[in-house]
Amino acid sequence: MVPFGGWDMPVQYSGIINEVKAVRTASGIFDVSHMGRLYISGPQAGAFLDRMLTGSATGLRQGRARYCLICNESGGVIDDTIFYRLGDDEYLLIPNAGNRPSVVEWFNQWIESEFSGGVSIDDRTTETGLIALQGSGAAALLDGICTLSGGELPSSLRFFTWGEGDLGSHQVFVGRTGYTGEDGFELSMSNQDAAAVWNALAEAGALPCGLGARDVLRLEAALPLHGHEIDASTSPIEAGLDRFVRREGDYIGQPVLAQQRNDGTERKLVGLTLPGRSAPRAEYPILAAGQEVGRITSGSFSPTLDTSIAMGYVLAGHSESGTTLDVDIRGRTATATVVPLPFYSRS
């Protein structure tokens, strides 16, 4: 157990490599109750989120979910998030654990200045649990123990949609979303039901997984982690996330992001592969002809690909796929190759 974002979190249960393999070949479960659950409602809730997010809230149909960014005025990423449209004027937004207080503070600042009386935020993070069931076998496993409210099976949900249902005698909110690059679901329930839901999933065959496997899985899928690939001084355009930034709308950071999209950026996020298991870690220098041209943001040995992988920012002139660069790993130079992202995509 280690501290993470203000919570105590498990690093591993049966071993990181074993847990990664379980998700890639069968199914695993993650306790992600540290992620926030913000219920945003009111007659101006949609307009408010349209102002706050790089993805449209009013353009999202009820029953759907969307990934996007929360940016500051300079285009830096305060947080990345998935949000669900629950009704005409009600949304559920999932911020990252350590960022939840700053997101709530940021939202309240704009509600007070532009949407006073039209929006309310109900933070139910500490009242509910959140469990991620991920893997190629996740849908079949969940179908065996859960039924949606209309009698449908969870596998009937499309990716980035949600439903409500019963897992045994426990009510669950089921979103077909995740952070591993595999198929899967994220289930929210009351605190009093969380342990029973976890145990039911484990008894059905899902392997408990910790932070270590979660980080390797998301890195293999090239999914960004706030504080590493994205932060308040890094824009979605630099991070290669421009597909999650709408071109229309008056949202916070839009003028800067539009200019970056048109003019390009000085640096870019790239993927790197290195032979062997000596994976570079965050902040290791990236070199070209002995000169530093960037820094690693995340790195690990990939059990799925049997090689070391990393993401990092480099000057744009060194970002083309196939470029050979060097990484300084604790004083030892290792050759790395720029490769397209993601490293791994499920079939």
# chains A, B, ... in the order shown; residues from 1 in each chain; ligands from 1
>>> closest_atom_pairs(of="stretch 161-201 of chain A", to="stretch 208-232 of chain A", cutoff="10 Å", atoms="only C-alpha atoms", output="CSV")
residue,atom,partner,partner_atom,distance
A:Gly178,CA,A:Arg218,CA,9.4
A:Tyr179,CA,A:Arg218,CA,5.8
A:Thr180,CA,A:Arg218,CA,4.7
A:Gly181,CA,A:Ala221,CA,5.1
A:Glu182,CA,A:Ala221,CA,8.6
A:Trp198,CA,A:Pro208,CA,8.9
A:Asn199,CA,A:Pro208,CA,9.7
A:Leu201,CA,A:Pro208,CA,9.1
>>> residues_around(residues="stretch 270-280 of chain A", least_positions_apart="2", cutoff="7 Å", atoms="only C-alpha atoms", output="list in words")
Lys268, Ala282, Tyr284, Gly299, Ser300, Phe301, Thr307, Ser308, Ile309, Ala310, Met311, Gly312, Tyr313, Ser319, Ile329, Thr335, Ala336, Thr337, Val338, Val339, Pro340 and Leu341 of chain A
>>> select_by_dssp(residues="stretch 12-241 of chain A", states="strand (DSSP E)", output="PyMOL selection string")
chain A and resi 28-31+38-41+65-71+77-87+90-94+120-123+128-134+146-148+162-167+170-175+184-190+207-209
>>> atom_distance(atom1="atom CA of A:Phe30", atom2="atom CA of A:Gly5")
15.7 Å
>>> select_by_dssp(residues="stretch 55-185 of chain A", states="helix (DSSP H, G or I)", output="PDB file with N, CA, C and O atoms, in the first residue's frame")
ATOM      1  N   ARG A 100      -9.170  16.581  -7.773  1.00  0.00           N
ATOM      2  CA  ARG A 100     -10.577  16.862  -7.460  1.00  0.00           C
ATOM      3  C   ARG A 100     -10.772  18.181  -6.708  1.00  0.00           C
ATOM      4  O   ARG A 100     -11.622  18.995  -7.102  1.00  0.00           O
ATOM      5  N   PRO A 101     -10.009  18.465  -5.632  1.00  0.00           N
ATOM      6  CA  PRO A 101     -10.233  19.747  -4.951  1.00  0.00           C
ATOM      7  C   PRO A 101     -10.000  20.960  -5.851  1.00  0.00           C
ATOM      8  O   PRO A 101     -10.768  21.930  -5.801  1.00  0.00           O
ATOM      9  N   SER A 102      -8.946  20.906  -6.683  1.00  0.00           N
ATOM     10  CA  SER A 102      -8.670  22.056  -7.549  1.00  0.00           C
ATOM     11  C   SER A 102      -9.710  22.182  -8.653  1.00  0.00           C
ATOM     12  O   SER A 102     -10.052  23.298  -9.067  1.00  0.00           O
ATOM     13  N   VAL A 103     -10.247  21.057  -9.143  1.00  0.00           N
ATOM     14  CA  VAL A 103     -11.308  21.112 -10.150  1.00  0.00           C
ATOM     15  C   VAL A 103     -12.568  21.731  -9.549  1.00  0.00           C
ATOM     16  O   VAL A 103     -13.205  22.594 -10.162  1.00  0.00           O
ATOM     17  N   VAL A 104     -12.937  21.292  -8.347  1.00  0.00           N
ATOM     18  CA  VAL A 104     -14.123  21.858  -7.684  1.00  0.00           C
ATOM     19  C   VAL A 104     -13.938  23.352  -7.453  1.00  0.00           C
ATOM     20  O   VAL A 104     -14.846  24.157  -7.700  1.00  0.00           O
ATOM     21  N   GLU A 105     -12.755  23.750  -6.987  1.00  0.00           N
ATOM     22  CA  GLU A 105     -12.470  25.174  -6.758  1.00  0.00           C
ATOM     23  C   GLU A 105     -12.552  25.965  -8.066  1.00  0.00           C
ATOM     24  O   GLU A 105     -13.130  27.056  -8.113  1.00  0.00           O
ATOM     25  N   TRP A 106     -11.982  25.402  -9.145  1.00  0.00           N
ATOM     26  CA  TRP A 106     -12.006  26.050 -10.461  1.00  0.00           C
ATOM     27  C   TRP A 106     -13.449  26.200 -10.953  1.00  0.00           C
ATOM     28  O   TRP A 106     -13.850  27.269 -11.423  1.00  0.00           O
ATOM     29  N   PHE A 107     -14.222  25.137 -10.830  1.00  0.00           N
ATOM     30  CA  PHE A 107     -15.620  25.179 -11.263  1.00  0.00           C
ATOM     31  C   PHE A 107     -16.414  26.218 -10.466  1.00  0.00           C
ATOM     32  O   PHE A 107     -17.183  27.006 -11.038  1.00  0.00           O
ATOM     33  N   ASN A 108     -16.248  26.221  -9.155  1.00  0.00           N
ATOM     34  CA  ASN A 108     -17.012  27.162  -8.325  1.00  0.00           C
ATOM     35  C   ASN A 108     -16.656  28.608  -8.638  1.00  0.00           C
ATOM     36  O   ASN A 108     -17.515  29.497  -8.577  1.00  0.00           O
ATOM     37  N   GLN A 109     -15.401  28.836  -8.993  1.00  0.00           N
ATOM     38  CA  GLN A 109     -14.973  30.187  -9.375  1.00  0.00           C
ATOM     39  C   GLN A 109     -15.754  30.681 -10.586  1.00  0.00           C
ATOM     40  O   GLN A 109     -16.237  31.821 -10.615  1.00  0.00           O
ATOM     41  N   TRP A 110     -15.924  29.809 -11.582  1.00  0.00           N
ATOM     42  CA  TRP A 110     -16.633  30.208 -12.801  1.00  0.00           C
ATOM     43  C   TRP A 110     -18.149  30.208 -12.611  1.00  0.00           C
ATOM     44  O   TRP A 110     -18.849  31.013 -13.249  1.00  0.00           O
ATOM     45  N   ILE A 111     -18.643  29.330 -11.748  1.00  0.00           N
ATOM     46  CA  ILE A 111     -20.079  29.379 -11.445  1.00  0.00           C
ATOM     47  C   ILE A 111     -20.424  30.716 -10.806  1.00  0.00           C
ATOM     48  O   ILE A 111     -21.410  31.369 -11.174  1.00  0.00           O
ATOM     49  N   GLU A 112     -19.594  31.143  -9.872  1.00  0.00           N
ATOM     50  CA  GLU A 112     -19.845  32.407  -9.182  1.00  0.00           C
ATOM     51  C   GLU A 112     -19.785  33.592 -10.134  1.00  0.00           C
ATOM     52  O   GLU A 112     -20.588  34.524 -10.030  1.00  0.00           O
ATOM     53  N   SER A 113     -18.850  33.545 -11.095  1.00  0.00           N
ATOM     54  CA  SER A 113     -18.668  34.717 -11.969  1.00  0.00           C
ATOM     55  C   SER A 113     -19.599  34.729 -13.174  1.00  0.00           C
ATOM     56  O   SER A 113     -19.982  35.805 -13.651  1.00  0.00           O
ATOM     57  N   GLU A 114     -20.017  33.546 -13.665  1.00  0.00           N
ATOM     58  CA  GLU A 114     -20.797  33.532 -14.909  1.00  0.00           C
ATOM     59  C   GLU A 114     -22.107  32.746 -14.842  1.00  0.00           C
ATOM     60  O   GLU A 114     -22.984  32.961 -15.688  1.00  0.00           O
ATOM     61  N   THR A 125     -17.959  11.757  -3.902  1.00  0.00           N
ATOM     62  CA  THR A 125     -16.789  10.876  -3.955  1.00  0.00           C
ATOM     63  C   THR A 125     -16.672   9.999  -2.722  1.00  0.00           C
ATOM     64  O   THR A 125     -16.420   8.789  -2.821  1.00  0.00           O
ATOM     65  N   THR A 126     -16.848  10.587  -1.538  1.00  0.00           N
ATOM     66  CA  THR A 126     -16.654   9.822  -0.313  1.00  0.00           C
ATOM     67  C   THR A 126     -17.893   9.036   0.094  1.00  0.00           C
ATOM     68  O   THR A 126     -17.856   8.295   1.089  1.00  0.00           O
ATOM     69  N   GLU A 127     -18.979   9.168  -0.659  1.00  0.00           N
ATOM     70  CA  GLU A 127     -20.206   8.424  -0.357  1.00  0.00           C
ATOM     71  C   GLU A 127     -20.353   7.185  -1.228  1.00  0.00           C
ATOM     72  O   GLU A 127     -21.237   6.361  -0.988  1.00  0.00           O
ATOM     73  N   ALA A 138     -14.081  -9.139 -19.890  1.00  0.00           N
ATOM     74  CA  ALA A 138     -14.876  -8.379 -18.922  1.00  0.00           C
ATOM     75  C   ALA A 138     -16.372  -8.457 -19.210  1.00  0.00           C
ATOM     76  O   ALA A 138     -17.182  -8.626 -18.297  1.00  0.00           O
ATOM     77  N   ALA A 139     -16.756  -8.318 -20.474  1.00  0.00           N
ATOM     78  CA  ALA A 139     -18.181  -8.294 -20.808  1.00  0.00           C
ATOM     79  C   ALA A 139     -18.852  -9.623 -20.476  1.00  0.00           C
ATOM     80  O   ALA A 139     -19.938  -9.656 -19.884  1.00  0.00           O
ATOM     81  N   ALA A 140     -18.211 -10.715 -20.833  1.00  0.00           N
ATOM     82  CA  ALA A 140     -18.791 -12.030 -20.552  1.00  0.00           C
ATOM     83  C   ALA A 140     -18.898 -12.262 -19.051  1.00  0.00           C
ATOM     84  O   ALA A 140     -19.903 -12.818 -18.569  1.00  0.00           O
ATOM     85  N   LEU A 141     -17.885 -11.838 -18.301  1.00  0.00           N
ATOM     86  CA  LEU A 141     -17.919 -12.022 -16.852  1.00  0.00           C
ATOM     87  C   LEU A 141     -19.068 -11.222 -16.237  1.00  0.00           C
ATOM     88  O   LEU A 141     -19.829 -11.751 -15.410  1.00  0.00           O
ATOM     89  N   LEU A 142     -19.186  -9.934 -16.636  1.00  0.00           N
ATOM     90  CA  LEU A 142     -20.217  -9.089 -16.046  1.00  0.00           C
ATOM     91  C   LEU A 142     -21.617  -9.548 -16.447  1.00  0.00           C
ATOM     92  O   LEU A 142     -22.553  -9.466 -15.646  1.00  0.00           O
ATOM     93  N   ASP A 143     -21.771 -10.045 -17.662  1.00  0.00           N
ATOM     94  CA  ASP A 143     -23.076 -10.566 -18.100  1.00  0.00           C
ATOM     95  C   ASP A 143     -23.563 -11.690 -17.186  1.00  0.00           C
ATOM     96  O   ASP A 143     -24.775 -11.883 -17.010  1.00  0.00           O
ATOM     97  N   PRO A 154     -25.083  -6.222 -19.647  1.00  0.00           N
ATOM     98  CA  PRO A 154     -24.089  -5.148 -19.764  1.00  0.00           C
ATOM     99  C   PRO A 154     -23.364  -5.128 -21.116  1.00  0.00           C
ATOM    100  O   PRO A 154     -22.967  -4.055 -21.593  1.00  0.00           O
ATOM    101  N   SER A 155     -23.174  -6.302 -21.734  1.00  0.00           N
ATOM    102  CA  SER A 155     -22.488  -6.345 -23.029  1.00  0.00           C
ATOM    103  C   SER A 155     -23.259  -5.620 -24.122  1.00  0.00           C
ATOM    104  O   SER A 155     -22.695  -5.327 -25.186  1.00  0.00           O
ATOM    105  N   SER A 156     -24.533  -5.304 -23.879  1.00  0.00           N
ATOM    106  CA  SER A 156     -25.313  -4.562 -24.876  1.00  0.00           C
ATOM    107  C   SER A 156     -24.935  -3.089 -24.912  1.00  0.00           C
ATOM    108  O   SER A 156     -25.269  -2.376 -25.867  1.00  0.00           O
TER     109      SER A 156
END
